[in-house]
$ cat start30.pdb   # PDB, C-alpha atoms
ATOM      1  CA  MET A  30       0.000   0.000   0.000
ATOM      2  CA  PRO A  31       2.035   2.956  -1.204
ATOM      3  CA  LEU A  32       2.101   5.826   1.220
ATOM      4  CA  SER A  33       4.931   7.613  -0.538
ATOM      5  CA  LEU A  34       2.861  10.425  -2.027
ATOM      6  CA  THR A  35       4.012  12.608   0.834
ATOM      7  CA  ALA A  36       7.648  11.794   0.344
ATOM      8  CA  SER A  37       8.176  11.107  -3.318
ATOM      9  CA  THR A  38       6.325  14.093  -4.683
ATOM     10  CA  VAL A  39       6.289  16.750  -2.024
ATOM     11  CA  VAL A  40       8.791  16.995   0.749
ATOM     12  CA  GLY A  41      11.803  16.308  -1.430
ATOM     13  CA  LEU A  42      11.159  19.116  -3.868
ATOM     14  CA  SER A  43      14.304  20.912  -4.961
ATOM     15  CA  ALA A  44      15.196  24.443  -6.041
ATOM     16  CA  CYS A  45      13.223  26.349  -8.642
ATOM     17  CA  GLN A  46      12.371  29.865  -9.730
ATOM     18  CA  PRO A  47       9.818  31.970  -7.823
ATOM     19  CA  GLU A  48       6.371  32.396  -9.336
ATOM     20  CA  SER A  49       6.158  35.657 -11.264
ATOM     21  CA  GLY A  50       3.707  38.312 -10.148
ATOM     22  CA  GLY A  51       1.775  40.870 -12.108
ATOM     23  CA  ALA A  52       3.806  43.919 -11.000
ATOM     24  CA  ASP A  53       7.281  44.711 -12.263
ATOM     25  CA  ARG A  54       8.288  46.988  -9.409
ATOM     26  CA  GLU A  55      10.547  45.734  -6.610
ATOM     27  CA  PRO A  56       8.499  45.219  -3.392
ATOM     28  CA  SER A  57       9.202  47.652  -0.593
ATOM     29  CA  ARG A  58      11.444  46.624   2.286
ATOM     30  CA  SER A  59       8.470  46.590   4.673
ATOM     31  CA  ALA A  60       6.521  44.310   2.327
ATOM     32  CA  LYS A  61       9.470  41.944   2.097
ATOM     33  CA  SER A  62       9.791  41.760   5.867
ATOM     34  CA  LYS A  63       6.151  40.623   6.204
ATOM     35  CA  GLU A  64       6.347  38.065   3.410
ATOM     36  CA  PRO A  65       6.604  34.444   4.634
ATOM     37  CA  PHE A  66       9.913  32.861   3.612
ATOM     38  CA  ALA A  67      11.039  36.193   2.160
ATOM     39  CA  GLY A  68      13.704  35.776  -0.509
ATOM     40  CA  LEU A  69      13.395  31.962  -0.694
ATOM     41  CA  THR A  70      12.529  30.012  -3.823
ATOM     42  CA  GLY A  71       9.917  27.258  -3.821
ATOM     43  CA  GLY A  72      12.665  24.660  -3.718
ATOM     44  CA  GLU A  73      14.335  26.281  -0.727
ATOM     45  CA  ILE A  74      11.011  26.360   1.126
ATOM     46  CA  ALA A  75      10.519  22.697   0.281
ATOM     47  CA  ASP A  76      13.965  21.904   1.679
ATOM     48  CA  ARG A  77      12.949  23.494   4.970
ATOM     49  CA  ALA A  78       9.692  21.525   4.943
ATOM     50  CA  LEU A  79      11.677  18.340   4.358
ATOM     51  CA  GLU A  80      13.927  19.003   7.327
ATOM     52  CA  ALA A  81      11.071  19.924   9.669
ATOM     53  CA  THR A  82       8.680  17.160   8.635
ATOM     54  CA  THR A  83      11.169  14.307   8.686
ATOM     55  CA  GLY A  84      12.564  15.634  11.968
ATOM     56  CA  ALA A  85       9.216  15.412  13.783
ATOM     57  CA  SER A  86       8.884  12.622  16.341
ATOM     58  CA  SER A  87       5.225  12.042  15.450
ATOM     59  CA  LEU A  88       2.410  13.310  13.262
ATOM     60  CA  ARG A  89      -1.142  12.587  12.162
ATOM     61  CA  VAL A  90      -1.972  11.848   8.524
ATOM     62  CA  ALA A  91      -5.421  11.608   6.970
ATOM     63  CA  GLY A  92      -6.417  10.831   3.405
ATOM     64  CA  ASP A  93      -6.944   8.110   0.835
ATOM     65  CA  VAL A  94      -4.320   5.514  -0.048
ATOM     66  CA  PRO A  95      -4.458   2.788  -2.733
ATOM     67  CA  ASP A  96      -5.402  -0.734  -1.656
ATOM     68  CA  GLY A  97      -4.117  -3.062  -4.314
ATOM     69  CA  PRO A  98      -4.146  -2.951  -8.128
ATOM     70  CA  ASP A  99      -7.957  -2.969  -8.539
ATOM     71  CA  GLY A 100      -8.320   0.749  -7.895
ATOM     72  CA  ALA A 101      -9.811   0.419  -4.429
ATOM     73  CA  THR A 102      -8.793   2.898  -1.759
ATOM     74  CA  ILE A 103      -8.694   3.006   2.010
ATOM     75  CA  HIS A 104      -9.322   6.237   3.865
ATOM     76  CA  MET A 105      -6.919   6.468   6.783
ATOM     77  CA  ASP A 106      -6.749   8.781   9.758
ATOM     78  CA  MET A 107      -3.691   7.736  11.711
ATOM     79  CA  ALA A 108      -1.387   9.149  14.365
ATOM     80  CA  LEU A 109       2.059   7.562  14.231
ATOM     81  CA  ASN A 110       5.535   8.081  15.610
ATOM     82  CA  LYS A 111       9.141   7.116  14.972
ATOM     83  CA  ARG A 112       8.867   4.184  17.367
ATOM     84  CA  ASN A 113       6.527   2.640  14.759
ATOM     85  CA  GLU A 114       3.556   3.011  17.088
ATOM     86  CA  CYS A 115       0.207   4.123  15.714
ATOM     87  CA  ALA A 116      -3.441   4.591  16.579
ATOM     88  CA  GLY A 117      -6.279   5.473  14.256
ATOM     89  CA  THR A 118      -8.904   4.260  11.832
ATOM     90  CA  MET A 119      -9.204   2.902   8.298
ATOM     91  CA  SER A 120     -12.409   3.111   6.254
ATOM     92  CA  MET A 121     -13.524   1.295   3.115
ATOM     93  CA  ASP A 122     -16.907   1.252   1.361
ATOM     94  CA  GLY A 123     -18.672   2.513   4.458
ATOM     95  CA  GLY A 124     -16.950   0.053   6.797
ATOM     96  CA  LYS A 125     -14.389   0.939   9.450
ATOM     97  CA  ALA A 126     -11.491  -0.701  11.254
ATOM     98  CA  ASP A 127      -9.658   0.561  14.332
ATOM     99  CA  LEU A 128      -5.894   0.017  14.343
ATOM    100  CA  ILE A 129      -3.372   0.216  17.170
ATOM    101  CA  LYS A 130       0.242  -0.887  17.064
ATOM    102  CA  THR A 131       2.409  -0.835  20.133
ATOM    103  CA  GLY A 132       5.624  -2.782  20.593
ATOM    104  CA  ASP A 133       5.559  -5.831  18.329
ATOM    105  CA  THR A 134       1.793  -6.285  18.425
ATOM    106  CA  VAL A 135      -0.909  -5.071  16.047
ATOM    107  CA  TYR A 136      -4.448  -4.700  17.419
ATOM    108  CA  LEU A 137      -7.375  -4.503  14.996
ATOM    109  CA  ARG A 138     -11.127  -4.187  15.406
ATOM    110  CA  TYR A 139     -13.219  -4.532  12.247
ATOM    111  CA  ASP A 140     -16.872  -3.766  11.801
ATOM    112  CA  GLU A 141     -19.014  -5.909   9.516
ATOM    113  CA  GLY A 142     -18.904  -3.438   6.635
ATOM    114  CA  PHE A 143     -15.108  -3.375   6.521
ATOM    115  CA  LEU A 144     -14.856  -7.181   6.665
ATOM    116  CA  ARG A 145     -17.281  -7.564   3.786
ATOM    117  CA  ALA A 146     -15.526  -4.854   1.747
ATOM    118  CA  GLN A 147     -12.169  -6.574   2.148
ATOM    119  CA  SER A 148     -13.644  -9.996   1.344
ATOM    120  CA  LYS A 149     -15.276  -9.184  -1.994
ATOM    121  CA  GLY A 150     -15.051 -12.121  -4.374
ATOM    122  CA  GLU A 151     -14.580 -14.733  -1.655
ATOM    123  CA  PRO A 152     -17.147 -17.491  -1.011
ATOM    124  CA  ALA A 153     -20.181 -16.187   0.860
ATOM    125  CA  ALA A 154     -19.862 -18.850   3.546
ATOM    126  CA  ASP A 155     -16.252 -17.841   4.253
ATOM    127  CA  VAL A 156     -17.176 -14.170   4.435
ATOM    128  CA  GLN A 157     -20.026 -14.845   6.837
ATOM    129  CA  ALA A 158     -17.766 -16.998   9.019
ATOM    130  CA  ALA A 159     -15.239 -14.146   9.245
ATOM    131  CA  VAL A 160     -18.004 -11.681  10.111
ATOM    132  CA  ASP A 161     -19.404 -13.959  12.819
ATOM    133  CA  MET A 162     -15.976 -14.481  14.379
ATOM    134  CA  LEU A 163     -14.380 -11.021  14.066
ATOM    135  CA  ALA A 164     -16.917  -8.228  13.660
ATOM    136  CA  GLY A 165     -16.780  -5.766  16.530
ATOM    137  CA  LYS A 166     -14.065  -7.660  18.421
ATOM    138  CA  TRP A 167     -10.518  -6.586  19.180
ATOM    139  CA  THR A 168      -7.936  -8.929  17.681
ATOM    140  CA  LYS A 169      -4.179  -9.076  17.979
ATOM    141  CA  THR A 170      -1.357 -10.478  15.896
ATOM    142  CA  SER A 171       2.409 -10.228  15.755
ATOM    143  CA  ALA A 172       3.590  -7.193  13.802
ATOM    144  CA  THR A 173       6.434  -9.282  12.387
ATOM    145  CA  GLY A 174       4.144 -11.946  10.940
ATOM    146  CA  ALA A 175       3.599 -12.185   7.195
ATOM    147  CA  ASP A 176      -0.142 -11.513   7.501
ATOM    148  CA  ALA A 177       0.453  -8.261   9.398
ATOM    149  CA  ALA A 178       3.099  -6.733   7.113
ATOM    150  CA  ASP A 179       0.715  -4.570   5.053
ATOM    151  CA  ILE A 180      -1.184  -3.357   8.105
ATOM    152  CA  ALA A 181       2.009  -2.608  10.046
ATOM    153  CA  SER A 182       3.206  -0.447   7.135
ATOM    154  CA  PHE A 183       0.563   2.112   8.113
ATOM    155  CA  CYS A 184       2.534   2.633  11.329
ATOM    156  CA  ASP A 185       6.024   3.105   9.875
ATOM    157  CA  LEU A 186       6.655   6.855   9.890
ATOM    158  CA  ASP A 187      10.162   6.639   8.463
ATOM    159  CA  ALA A 188       8.989   4.424   5.597
ATOM    160  CA  MET A 189       6.113   6.762   4.809
ATOM    161  CA  LEU A 190       8.478   9.731   4.554
ATOM    162  CA  GLY A 191      11.394   7.725   3.179
ATOM    163  CA  GLY A 192      12.873   8.452  -0.201
ATOM    164  CA  ALA A 193      12.246  12.182  -0.016
ATOM    165  CA  GLU A 194      15.935  12.997  -0.196
ATOM    166  CA  ASP A 195      16.257  11.144  -3.495
ATOM    167  CA  VAL A 196      13.718  13.203  -5.397
ATOM    168  CA  HIS A 197      14.858  16.146  -7.509
ATOM    169  CA  SER A 198      12.129  18.242  -9.087
ATOM    170  CA  ASP A 199      11.011  21.848  -9.332
ATOM    171  CA  ALA A 200       8.556  23.683  -7.115
ATOM    172  CA  VAL A 201       7.072  27.105  -7.724
ATOM    173  CA  ARG A 202       5.964  29.221  -4.787
ATOM    174  CA  GLY A 203       2.451  30.584  -4.901
ATOM    175  CA  LYS A 204       0.075  32.544  -2.709
ATOM    176  CA  THR A 205      -0.464  32.339   1.035
ATOM    177  CA  THR A 206      -3.596  30.697   2.445
ATOM    178  CA  THR A 207      -4.698  28.677   5.473
ATOM    179  CA  VAL A 208      -5.080  24.943   6.058
ATOM    180  CA  ASP A 209      -7.508  24.144   8.869
ATOM    181  CA  GLY A 210      -6.797  27.569  10.328
ATOM    182  CA  THR A 211      -3.008  27.337  10.054
ATOM    183  CA  PRO A 212      -1.289  29.968   7.846
ATOM    184  CA  ALA A 213       0.431  28.321   4.887
ATOM    185  CA  ILE A 214       2.192  28.985   1.612
ATOM    186  CA  VAL A 215       1.334  27.116  -1.572
ATOM    187  CA  LEU A 216       3.984  25.315  -3.618
ATOM    188  CA  ARG A 217       3.172  23.872  -7.027
ATOM    189  CA  GLU A 218       4.995  21.127  -8.837
ATOM    190  CA  LYS A 219       4.488  19.252 -12.074
ATOM    191  CA  GLU A 220       6.082  16.035 -13.181
ATOM    192  CA  GLY A 221       5.001  14.946 -16.648
ATOM    193  CA  LYS A 222       1.199  14.869 -16.586
ATOM    194  CA  ASP A 223       1.102  14.788 -12.782
ATOM    195  CA  ARG A 224       0.395  17.918 -10.780
ATOM    196  CA  TYR A 225       0.966  18.476  -7.065
ATOM    197  CA  THR A 226      -0.109  21.320  -4.823
ATOM    198  CA  VAL A 227       1.744  21.455  -1.527
ATOM    199  CA  TYR A 228       0.913  23.523   1.558
ATOM    200  CA  VAL A 229       3.685  24.405   4.036
ATOM    201  CA  ALA A 230       3.151  26.107   7.401
ATOM    202  CA  THR A 231       4.416  29.706   7.521
ATOM    203  CA  GLU A 232       4.300  30.083  11.310
ATOM    204  CA  GLY A 233       6.372  28.028  13.719
ATOM    205  CA  GLU A 234       8.098  25.035  12.136
ATOM    206  CA  PRO A 235       7.637  24.853   8.345
ATOM    207  CA  TYR A 236       5.751  21.579   8.514
ATOM    208  CA  LEU A 237       3.982  19.999   5.590
ATOM    209  CA  LEU A 238       0.222  20.561   6.041
ATOM    210  CA  ARG A 239      -1.448  19.181   2.931
ATOM    211  CA  VAL A 240      -0.745  17.603  -0.445
ATOM    212  CA  ASP A 241      -3.191  17.617  -3.372
ATOM    213  CA  SER A 242      -2.203  15.248  -6.150
ATOM    214  CA  THR A 243      -3.456  14.432  -9.651
ATOM    215  CA  SER A 244      -0.877  11.657 -10.017
ATOM    216  CA  ASP A 245      -2.195   8.454 -11.579
ATOM    217  CA  ALA A 246      -0.313   6.462  -8.936
ATOM    218  CA  ASP A 247      -1.298   8.524  -5.868
ATOM    219  CA  PRO A 248      -4.336  10.719  -6.614
ATOM    220  CA  GLY A 249      -6.201  12.592  -3.920
ATOM    221  CA  THR A 250      -5.387  14.616  -0.825
ATOM    222  CA  LEU A 251      -3.371  13.909   2.307
ATOM    223  CA  THR A 252      -3.393  16.225   5.321
ATOM    224  CA  PHE A 253      -0.824  16.364   8.120
ATOM    225  CA  SER A 254      -1.280  17.679  11.658
ATOM    226  CA  ASP A 255      -0.545  17.054  15.351
ATOM    227  CA  TYR A 256       3.221  17.211  14.901
ATOM    228  CA  ASP A 257       5.216  15.982  17.929
ATOM    229  CA  GLU A 258       2.005  15.130  19.799
ATOM    230  CA  PRO A 259       1.809  11.898  21.871
ATOM    231  CA  VAL A 260       0.353   8.929  19.981
ATOM    232  CA  PRO A 261      -2.357   7.118  22.040
ATOM    233  CA  ALA A 262      -1.050   3.650  21.185
ATOM    234  CA  GLN A 263      -2.136   1.498  24.111
ATOM    235  CA  LYS A 264      -3.341  -2.075  24.382
ATOM    236  CA  PRO A 265      -7.162  -2.130  24.207
ATOM    237  CA  ASP A 266      -9.157  -3.028  27.298
ATOM    238  CA  GLY A 267     -11.274  -6.144  27.543
ATOM    239  CA  GLU A 268     -11.198  -9.443  25.699
ATOM    240  CA  ILE A 269      -8.819  -9.704  22.738
ATOM    241  CA  LEU A 270      -8.895 -12.505  20.168
ATOM    242  CA  ASP A 271      -5.389 -13.840  19.436
ATOM    243  CA  LEU A 272      -5.242 -14.473  15.684
ATOM    244  CA  ASP A 273      -1.819 -16.110  15.876
ATOM    245  CA  GLU A 274      -3.171 -18.764  18.234
ATOM    246  CA  LEU A 275      -6.146 -19.351  15.959
ATOM    247  CA  GLY A 276      -3.805 -19.751  13.002
ATOM    248  CA  ASN A 277      -1.845 -22.411  14.815
TER     249      ASN A 277
END
$ encode --input "start30.pdb" --output "C-alpha cells"
Amino acid sequence: MPLSLTASTVVGLSACQPESGGADREPSRSAKSKEPFAGLTGGEIADRALEATTGASSLRVAGDVPDGPDGATIHMDMALNKRNECAGTMSMDGGKADLIKTGDTVYLRYDEGFLRAQSKGEPAADVQAAVDMLAGKWTKTSATGADAADIASFCDLDAMLGGAEDVHSDAVRGKTTTVDGTPAIVLREKEGKDRYTVYVATEGEPYLLRVDSTSDADPGTLTFSDYDEPVPAQKPDGEILDLDELGN
C-alpha cells in the first residue's frame, strides 16, 4: 500500500524559480519583511519543509491511499511516531477498522462493513464466518508476521516519509492561504502529466500541512497535523482474540 505520495512528490522538492507576479516593481522593504519565507525560492522552502517534517517525532496523517491494483482505496486517519507506534482508523466502502500498534503487536477491530468490503469475491460462507468471528471484536497479531506486514506499514513513519531525499524536481511558490486555520504557503509542482499542490506552514516550524495530487499512482489529498504530539497507542481493554493462536 504505497504511502509515498508525501515523500516522493512533495517533501523532497528541490530548487526552482519563484512564481512571477503581475507587478514589475521591486516590493518595498516593509513588504518583504512581512512576506513568509522572504527571498526563498519554492525549492528552498521545500527543503525546509523536508527538514522539519522528517525531523518530527510524530504526526497525524489523513487521506486516501491505494489498496491493491484494482483501484480500491482506504481512507486512513492515523497518528504515528518514529517508534513505529500508531493509533487510528481505516475506512472502506462505508466500513471501518480501528488500528493500534504498540511494541511488536498489532491490534485490529473490524466492523461488519469493513470485513465484507475486504472480502469481496470470496465465497459467501467464508465471508459470513469471518463476520461472525471477528466483527466488533478486538484482535491481535504479531507485527512481524507475514499476515500483518501490510497493516504494520501504516505505522512506519520513516517508511512513509522515506525516499524524499532522493527526489529532484522543481517547485514554484504561490500565494499564502490557510489549512484548517493554520497559515500556509502554496507550492506547485508538475512532473510529466502529474500535478501536485503542496501547503507548508508559515508560522512556527515549516511543517507539511497538505498535499493535493493528480498523479495516476497517488491521486487525492493527504493532510498532516498534530506534529510531535503523543500517539495514544495502548493495548485495548477487555477481551482480545489472538489471531496467531487461531492460526496455529
$ closest_atom_pairs --input "start30.pdb" --of "region 197-275 of chain A" --to "region 107-125 of chain A" --cutoff "7 Å" --atoms "only C-alpha atoms" --output "Markdown table"
| residue | atom | partner | partner_atom | distance |
| --- | --- | --- | --- | --- |
| A:Val260 | CA | A:Ala108 | CA | 5.9 |
| A:Pro261 | CA | A:Ala116 | CA | 6.1 |
| A:Ala262 | CA | A:Ala116 | CA | 5.3 |
$ residues_around --input "start30.pdb" --residues "Pro248 (chain A)" --least-positions-apart "6" --cutoff "9 Å" --atoms "only C-alpha atoms" --output "PDB file with C-alpha atoms, in the frame of the given file"
ATOM      1  CA  LEU A  34       2.861  10.425  -2.027  1.00  0.00           C
ATOM      2  CA  ASP A  93      -6.944   8.110   0.835  1.00  0.00           C
ATOM      3  CA  VAL A  94      -4.320   5.514  -0.048  1.00  0.00           C
ATOM      4  CA  PRO A  95      -4.458   2.788  -2.733  1.00  0.00           C
ATOM      5  CA  ASP A 241      -3.191  17.617  -3.372  1.00  0.00           C
ATOM      6  CA  SER A 242      -2.203  15.248  -6.150  1.00  0.00           C
TER       7      SER A 242
END
$ resolve_selection --input "start30.pdb" --expression "the PyMOL selection byres ((chain A and resi 81) around 12)" --output "PyMOL selection string"
chain A and resi 40-41+74-80+82-88+190+229-230+233-238+256-257
$ residues_around --input "start30.pdb" --residues "Val156 (chain A)" --least-positions-apart "3" --cutoff "12 Å" --atoms "all atoms listed in the file" --output "PyMOL selection string"
chain A and resi 141-153+159-164
$ resolve_selection --input "start30.pdb" --expression "the PyMOL selection byres ((chain A and resi 212-216) around 8)" --output "MDAnalysis selection string"
chainID A and resid 65 71 200:208 210:211 217:218 226:232 238
$ closest_residue --input "start30.pdb" --among "A:Ile129, A:Ala67, A:Ala91, A:Val135" --to "Asp176 (chain A)" --atoms "only C-alpha atoms"
A:Val135
$ residues_around --input "start30.pdb" --residues "Asp271 (chain A)" --least-positions-apart "5" --cutoff "12 Å" --atoms "all atoms listed in the file" --output "ChimeraX atom specification"
/A:134-138,162-163,166-171,276-277
$ write_last_selection --input "start30.pdb" --atoms "C-alpha atoms" --output "JSON list (two decimals), keeping the file's coordinate frame"
[["chain", "number", "residue", "atom", "x", "y", "z"],
["A", 134, "THR", "CA", 1.79, -6.28, 18.42],
["A", 135, "VAL", "CA", -0.91, -5.07, 16.05],
["A", 136, "TYR", "CA", -4.45, -4.70, 17.42],
["A", 137, "LEU", "CA", -7.38, -4.50, 15.00],
["A", 138, "ARG", "CA", -11.13, -4.19, 15.41],
["A", 162, "MET", "CA", -15.98, -14.48, 14.38],
["A", 163, "LEU", "CA", -14.38, -11.02, 14.07],
["A", 166, "LYS", "CA", -14.06, -7.66, 18.42],
["A", 167, "TRP", "CA", -10.52, -6.59, 19.18],
["A", 168, "THR", "CA", -7.94, -8.93, 17.68],
["A", 169, "LYS", "CA", -4.18, -9.08, 17.98],
["A", 170, "THR", "CA", -1.36, -10.48, 15.90],
["A", 171, "SER", "CA", 2.41, -10.23, 15.76],
["A", 276, "GLY", "CA", -3.80, -19.75, 13.00],
["A", 277, "ASN", "CA", -1.84, -22.41, 14.82]]
